[in-house]
Amino acid sequence: MIAYIFLQRRRRKPAYLKNNNLSQSTRKSLFYLFIIFTAHSLLMMTFEKMSFGDALWLTLTTATTVGYGDLSASTLEGRISTIVLLYMGGIFVLANFAGEYFEYRLDRRTRMIKGLWRWSMAEHIVIINTPTRGGTEFFIRLVTQLRQNEEYQDMPIQILTRQFPEGLPDELRKLGVVHCHGYPDKPENLEAVNIKEASAVIILTKDEYEITSDALTFDILHRLKEFGVSNINVIAECVDDGNRNRFTGAGASAVVRPVRAYPEILVRALVAPGSEKILENLFQHEGDHTRRYDVDVNNTVWEKVVSSLLVKGYGTAIAYVDKHNELICNPAPGKEISLSSIIILVRAGHVPNSAEVSQTLAL
């Protein structure tokens, strides 16, 4: 009978409620059961002349369909009372509660998968928006990089986005990522991801090739201010460099360009604030940038190479190519090396030529 009633309930389209109040349903069911069981026990004591213990035992074994058979109603009045109160009342209430519970669990799981569940998170990372192309691959790389840092190994991550309406890919869920399906510029959605309790916020630009996307990012930054978010590390992507100062003034802790092939830049901005600017310089020619110089230097040490270039004001050596044409990054200071080329982060406005570098390293 319980299975039948449950199947009948499942045929109904489940209500997609914002708050499924299972506790209220539980209290109501317990109240009804208390009334039914008390009434039946009293009637068994009256009609069947049972003790309170035996009457309660018969009530419970009958209501739960266990039916040991050691006690039973023998009078017409007692049997009618059992049929009306337990068969028609108690078992129905129990079945109805079981159906509501399983429906709640199914509805809860569905809402979690589809991003319609409000997670009680704190000290978590909130990522706002999704790249227009390759969002799944981008998030996998971003989260994987975050997980490689001790501070963020187990930190919960939630994405606020209108993408993934049917749920995040399994690869992301396995990395401990959940999402909230909604518009990032809506206050109720920012509240749903517990933005005030977040440890860090990453605002991805809506479209990395569209300058007008900065307007949405700017609006989100202002909404964070309205929420009183001031002590949270906020990383914002900016399409137009002219908007960087505006983003900083609006509360962004770091502003980076949307480089989709290298989400590591966003990770660096969280793990080592300021280092994202160094990485950005590696991708541009204006300002401080990297240059490769062909040189022929044998039997020297890395610390001497670095110090010689710094003294001359030519920049900072960050890597070299050895005689076997292998690129060596950040070698040990006292390591003896031989160079065929060197890569230097040169200063803007003071870029040495090949002869100056060769002459400096030959000393």
# chains A, B, ... in the order shown; residues from 1 in each chain; ligands from 1
$ select_by_dssp --residues "stretch 149-317 of chain A" --states "strand (DSSP E)" --output "PDB file with C-alpha atoms, in the first residue's frame"
ATOM      1  CA  ILE A 157      34.239  26.840  -5.579  1.00  0.00           C
ATOM      2  CA  GLN A 158      30.936  28.115  -6.950  1.00  0.00           C
ATOM      3  CA  ILE A 159      30.257  29.537 -10.413  1.00  0.00           C
ATOM      4  CA  LEU A 160      27.511  32.113 -10.948  1.00  0.00           C
ATOM      5  CA  THR A 161      26.468  31.834 -14.579  1.00  0.00           C
ATOM      6  CA  VAL A 177      32.748  22.802  -8.184  1.00  0.00           C
ATOM      7  CA  VAL A 178      29.052  23.711  -7.974  1.00  0.00           C
ATOM      8  CA  HIS A 179      27.144  26.466  -9.728  1.00  0.00           C
ATOM      9  CA  CYS A 180      24.270  28.884  -9.293  1.00  0.00           C
ATOM     10  CA  HIS A 181      22.129  29.422 -12.374  1.00  0.00           C
ATOM     11  CA  ALA A 200      37.715  35.514  -3.151  1.00  0.00           C
ATOM     12  CA  VAL A 201      35.698  36.589  -6.183  1.00  0.00           C
ATOM     13  CA  ILE A 202      36.779  36.215  -9.813  1.00  0.00           C
ATOM     14  CA  ILE A 203      34.782  38.278 -12.324  1.00  0.00           C
ATOM     15  CA  ASN A 233      40.064  39.585  -2.810  1.00  0.00           C
ATOM     16  CA  VAL A 234      38.275  40.550  -6.057  1.00  0.00           C
ATOM     17  CA  ILE A 235      39.960  39.728  -9.379  1.00  0.00           C
ATOM     18  CA  ALA A 236      38.317  41.370 -12.404  1.00  0.00           C
ATOM     19  CA  GLU A 237      39.014  40.870 -16.097  1.00  0.00           C
ATOM     20  CA  ALA A 254      43.597  43.069  -9.246  1.00  0.00           C
ATOM     21  CA  VAL A 255      42.686  43.731 -12.863  1.00  0.00           C
ATOM     22  CA  VAL A 256      43.857  41.409 -15.637  1.00  0.00           C
ATOM     23  CA  HIS A 289      58.751  42.896 -21.922  1.00  0.00           C
ATOM     24  CA  THR A 290      60.949  39.895 -22.636  1.00  0.00           C
ATOM     25  CA  ARG A 291      63.645  39.747 -25.300  1.00  0.00           C
ATOM     26  CA  ARG A 292      65.964  36.965 -26.412  1.00  0.00           C
ATOM     27  CA  TYR A 293      69.635  37.671 -27.102  1.00  0.00           C
ATOM     28  CA  ASP A 294      72.048  35.281 -28.799  1.00  0.00           C
ATOM     29  CA  VAL A 295      75.280  35.170 -26.817  1.00  0.00           C
ATOM     30  CA  ASP A 296      78.245  32.826 -26.462  1.00  0.00           C
ATOM     31  CA  VAL A 297      79.281  32.512 -22.839  1.00  0.00           C
ATOM     32  CA  ASN A 298      81.041  29.514 -21.305  1.00  0.00           C
ATOM     33  CA  ASN A 299      81.780  28.395 -17.758  1.00  0.00           C
ATOM     34  CA  THR A 300      80.030  31.071 -15.755  1.00  0.00           C
ATOM     35  CA  VAL A 301      77.473  31.007 -12.940  1.00  0.00           C
ATOM     36  CA  THR A 316      66.348  40.897 -15.277  1.00  0.00           C
ATOM     37  CA  ALA A 317      67.518  37.583 -16.712  1.00  0.00           C
TER      38      ALA A 317
END
$ residues_around --residues "stretch 257-263 of chain A" --least-positions-apart "3" --cutoff "8 Å" --atoms "only C-alpha atoms" --output "MDAnalysis selection string"
chainID A and resid 131 138 141:142 204:205 208 237:239 266:267 280
$ atom_distance --atom1 "atom CA of A:Phe218" --atom2 "atom CA of A:Tyr183"
14.5 Å
$ residues_around --residues "stretch 56-65 of chain A" --least-positions-apart "3" --cutoff "8 Å" --atoms "only C-alpha atoms" --output "PyMOL selection string"
chain A and resi 37+40-41+52-53+68+71-72+86-87+90-91
$ write_last_selection --atoms "N, CA and C atoms" --output "CSV table (one decimal), in the first residue's frame"
chain,number,residue,atom,x,y,z
A,37,PHE,N,-2.6,7.4,16.7
A,37,PHE,CA,-2.1,6.3,17.6
A,37,PHE,C,-2.7,6.4,19.0
A,40,HIS,N,-6.4,5.3,18.7
A,40,HIS,CA,-6.5,3.8,18.5
A,40,HIS,C,-6.2,3.0,19.8
A,41,SER,N,-5.1,3.5,20.5
A,41,SER,CA,-4.7,2.8,21.7
A,41,SER,C,-5.8,2.9,22.8
A,52,PHE,N,-2.5,-0.6,28.6
A,52,PHE,CA,-2.0,0.5,27.7
A,52,PHE,C,-0.8,0.0,26.9
A,53,GLY,N,0.1,-0.9,27.5
A,53,GLY,CA,1.2,-1.4,26.8
A,53,GLY,C,0.9,-2.2,25.6
A,68,TYR,N,2.9,-8.9,13.9
A,68,TYR,CA,3.4,-10.1,14.5
A,68,TYR,C,2.3,-11.1,14.8
A,71,LEU,N,-1.1,-10.1,19.1
A,71,LEU,CA,-2.3,-9.4,19.5
A,71,LEU,C,-3.1,-9.0,18.3
A,72,SER,N,-4.4,-9.0,18.5
A,72,SER,CA,-5.3,-8.5,17.4
A,72,SER,C,-6.6,-8.1,18.0
A,86,LEU,N,-6.2,3.1,11.6
A,86,LEU,CA,-4.9,2.7,11.1
A,86,LEU,C,-4.8,2.4,9.6
A,87,TYR,N,-5.7,1.5,9.1
A,87,TYR,CA,-5.6,1.2,7.7
A,87,TYR,C,-5.9,2.4,6.8
A,90,GLY,N,-3.6,6.0,9.6
A,90,GLY,CA,-2.2,6.0,10.0
A,90,GLY,C,-1.3,5.6,8.8
A,91,ILE,N,-1.7,4.5,8.1
A,91,ILE,CA,-0.8,4.0,7.0
A,91,ILE,C,-0.8,5.0,5.9
$ residues_around --residues "stretch 45-49 of chain A" --least-positions-apart "5" --cutoff "7 Å" --atoms "only C-alpha atoms" --output "ChimeraX atom specification"
/A:55,73,75,77-78
$ write_last_selection --atoms "N, CA and C atoms" --output "tab-separated table (two decimals), in the first residue's frame"
chain	number	residue	atom	x	y	z
A	55	ALA	N	-2.06	-2.27	24.05
A	55	ALA	CA	-2.79	-1.46	23.07
A	55	ALA	C	-1.83	-0.67	22.19
A	73	ALA	N	-7.34	-7.33	17.22
A	73	ALA	CA	-8.68	-6.90	17.65
A	73	ALA	C	-9.66	-8.02	17.35
A	75	THR	N	-13.15	-7.83	18.71
A	75	THR	CA	-14.52	-7.31	18.73
A	75	THR	C	-14.80	-6.55	17.45
A	77	GLU	N	-16.28	-3.64	17.19
A	77	GLU	CA	-15.91	-2.23	17.38
A	77	GLU	C	-14.41	-2.02	17.25
A	78	GLY	N	-13.65	-2.96	17.83
A	78	GLY	CA	-12.20	-2.84	17.76
A	78	GLY	C	-11.67	-2.96	16.35
$ residues_around --residues "stretch 26-28 of chain A" --least-positions-apart "6" --cutoff "12 Å" --atoms "only C-alpha atoms" --output "PDB file with C-alpha atoms, in the first residue's frame"
ATOM      1  CA  ASN A  20      10.996  22.865   0.128  1.00  0.00           C
ATOM      2  CA  PHE A  34       0.192  11.094  17.503  1.00  0.00           C
ATOM      3  CA  ILE A  35      -3.562  11.780  17.390  1.00  0.00           C
ATOM      4  CA  VAL A  93      -0.103   9.427   6.732  1.00  0.00           C
ATOM      5  CA  LEU A  94       3.056   7.299   6.855  1.00  0.00           C
ATOM      6  CA  ASN A  96       2.269  10.261   2.382  1.00  0.00           C
ATOM      7  CA  PHE A  97       5.240  11.331   4.504  1.00  0.00           C
ATOM      8  CA  ALA A  98       7.503   8.744   2.837  1.00  0.00           C
ATOM      9  CA  GLY A  99       6.413  10.010  -0.562  1.00  0.00           C
ATOM     10  CA  GLU A 100       7.134  13.618   0.409  1.00  0.00           C
ATOM     11  CA  TYR A 101      10.545  12.653   1.744  1.00  0.00           C
ATOM     12  CA  TYR A 104      12.140  16.115  -1.540  1.00  0.00           C
TER      13      TYR A 104
END
$ closest_residue --among "A:Asn194, A:Thr136, A:Thr82, A:Thr110" --to "A:Ala122" --atoms "only C-alpha atoms"
A:Asn194
$ residues_around --residues "stretch 343-354 of chain A" --least-positions-apart "2" --cutoff "10 Å" --atoms "only C-alpha atoms" --output "ChimeraX atom specification"
/A:278,281-282,285-295,306,309,312-321,327-329,341,356-360
$ residues_around --residues "A:Phe227" --least-positions-apart "2" --cutoff "12 Å" --atoms "only C-alpha atoms" --output "JSON, numbers by chain"
{"A": [186, 187, 188, 189, 190, 191, 194, 195, 196, 197, 198, 220, 221, 222, 223, 224, 225, 229, 230, 231, 232, 251]}
$ write_last_selection --atoms "C-alpha atoms" --output "CSV table (one decimal), in the first residue's frame"
chain,number,residue,atom,x,y,z
A,186,LYS,CA,21.0,40.5,-9.9
A,187,PRO,CA,21.3,41.2,-6.2
A,188,GLU,CA,19.3,38.1,-5.3
A,189,ASN,CA,21.8,35.9,-7.2
A,190,LEU,CA,24.8,37.5,-5.5
A,191,GLU,CA,23.1,36.8,-2.2
A,194,ASN,CA,26.8,34.0,-0.2
A,195,ILE,CA,29.0,36.6,-1.7
A,196,LYS,CA,29.6,38.3,1.7
A,197,GLU,CA,31.1,35.1,3.1
A,198,ALA,CA,33.4,34.4,0.1
A,220,ILE,CA,29.0,43.9,-10.8
A,221,LEU,CA,31.8,45.6,-8.9
A,222,HIS,CA,29.4,48.3,-7.7
A,223,ARG,CA,26.9,45.7,-6.6
A,224,LEU,CA,29.6,44.1,-4.6
A,225,LYS,CA,30.2,47.4,-2.9
A,229,VAL,CA,32.1,43.4,0.2
A,230,SER,CA,35.3,45.2,1.1
A,231,ASN,CA,37.7,42.7,2.6
A,232,ILE,CA,37.4,40.1,-0.1
A,251,GLY,CA,36.9,47.8,-5.5
$ select_by_dssp --residues "stretch 203-356 of chain A" --states "alpha helix (DSSP H)" --output "VMD selection string"
chain A and resid 213 to 226 244 to 249 264 to 271 275 to 281 302 to 312 354 to 356
$ closest_residue --among "A:Glu303, A:Phe164, A:Ser308, A:Asp322" --to "A:Lys335" --atoms "only C-alpha atoms"
A:Glu303
$ atom_distance --atom1 "atom CA of A:Ala192" --atom2 "atom CA of A:Leu116"
9.4 Å
$ closest_residue --among "A:Ser275, A:Ser51, A:Gln145, A:Thr217" --to "A:Ala252" --atoms "only C-alpha atoms"
A:Thr217
$ atom_distance --atom1 "atom CA of A:Thr130" --atom2 "atom CA of A:Asp207"
8.8 Å
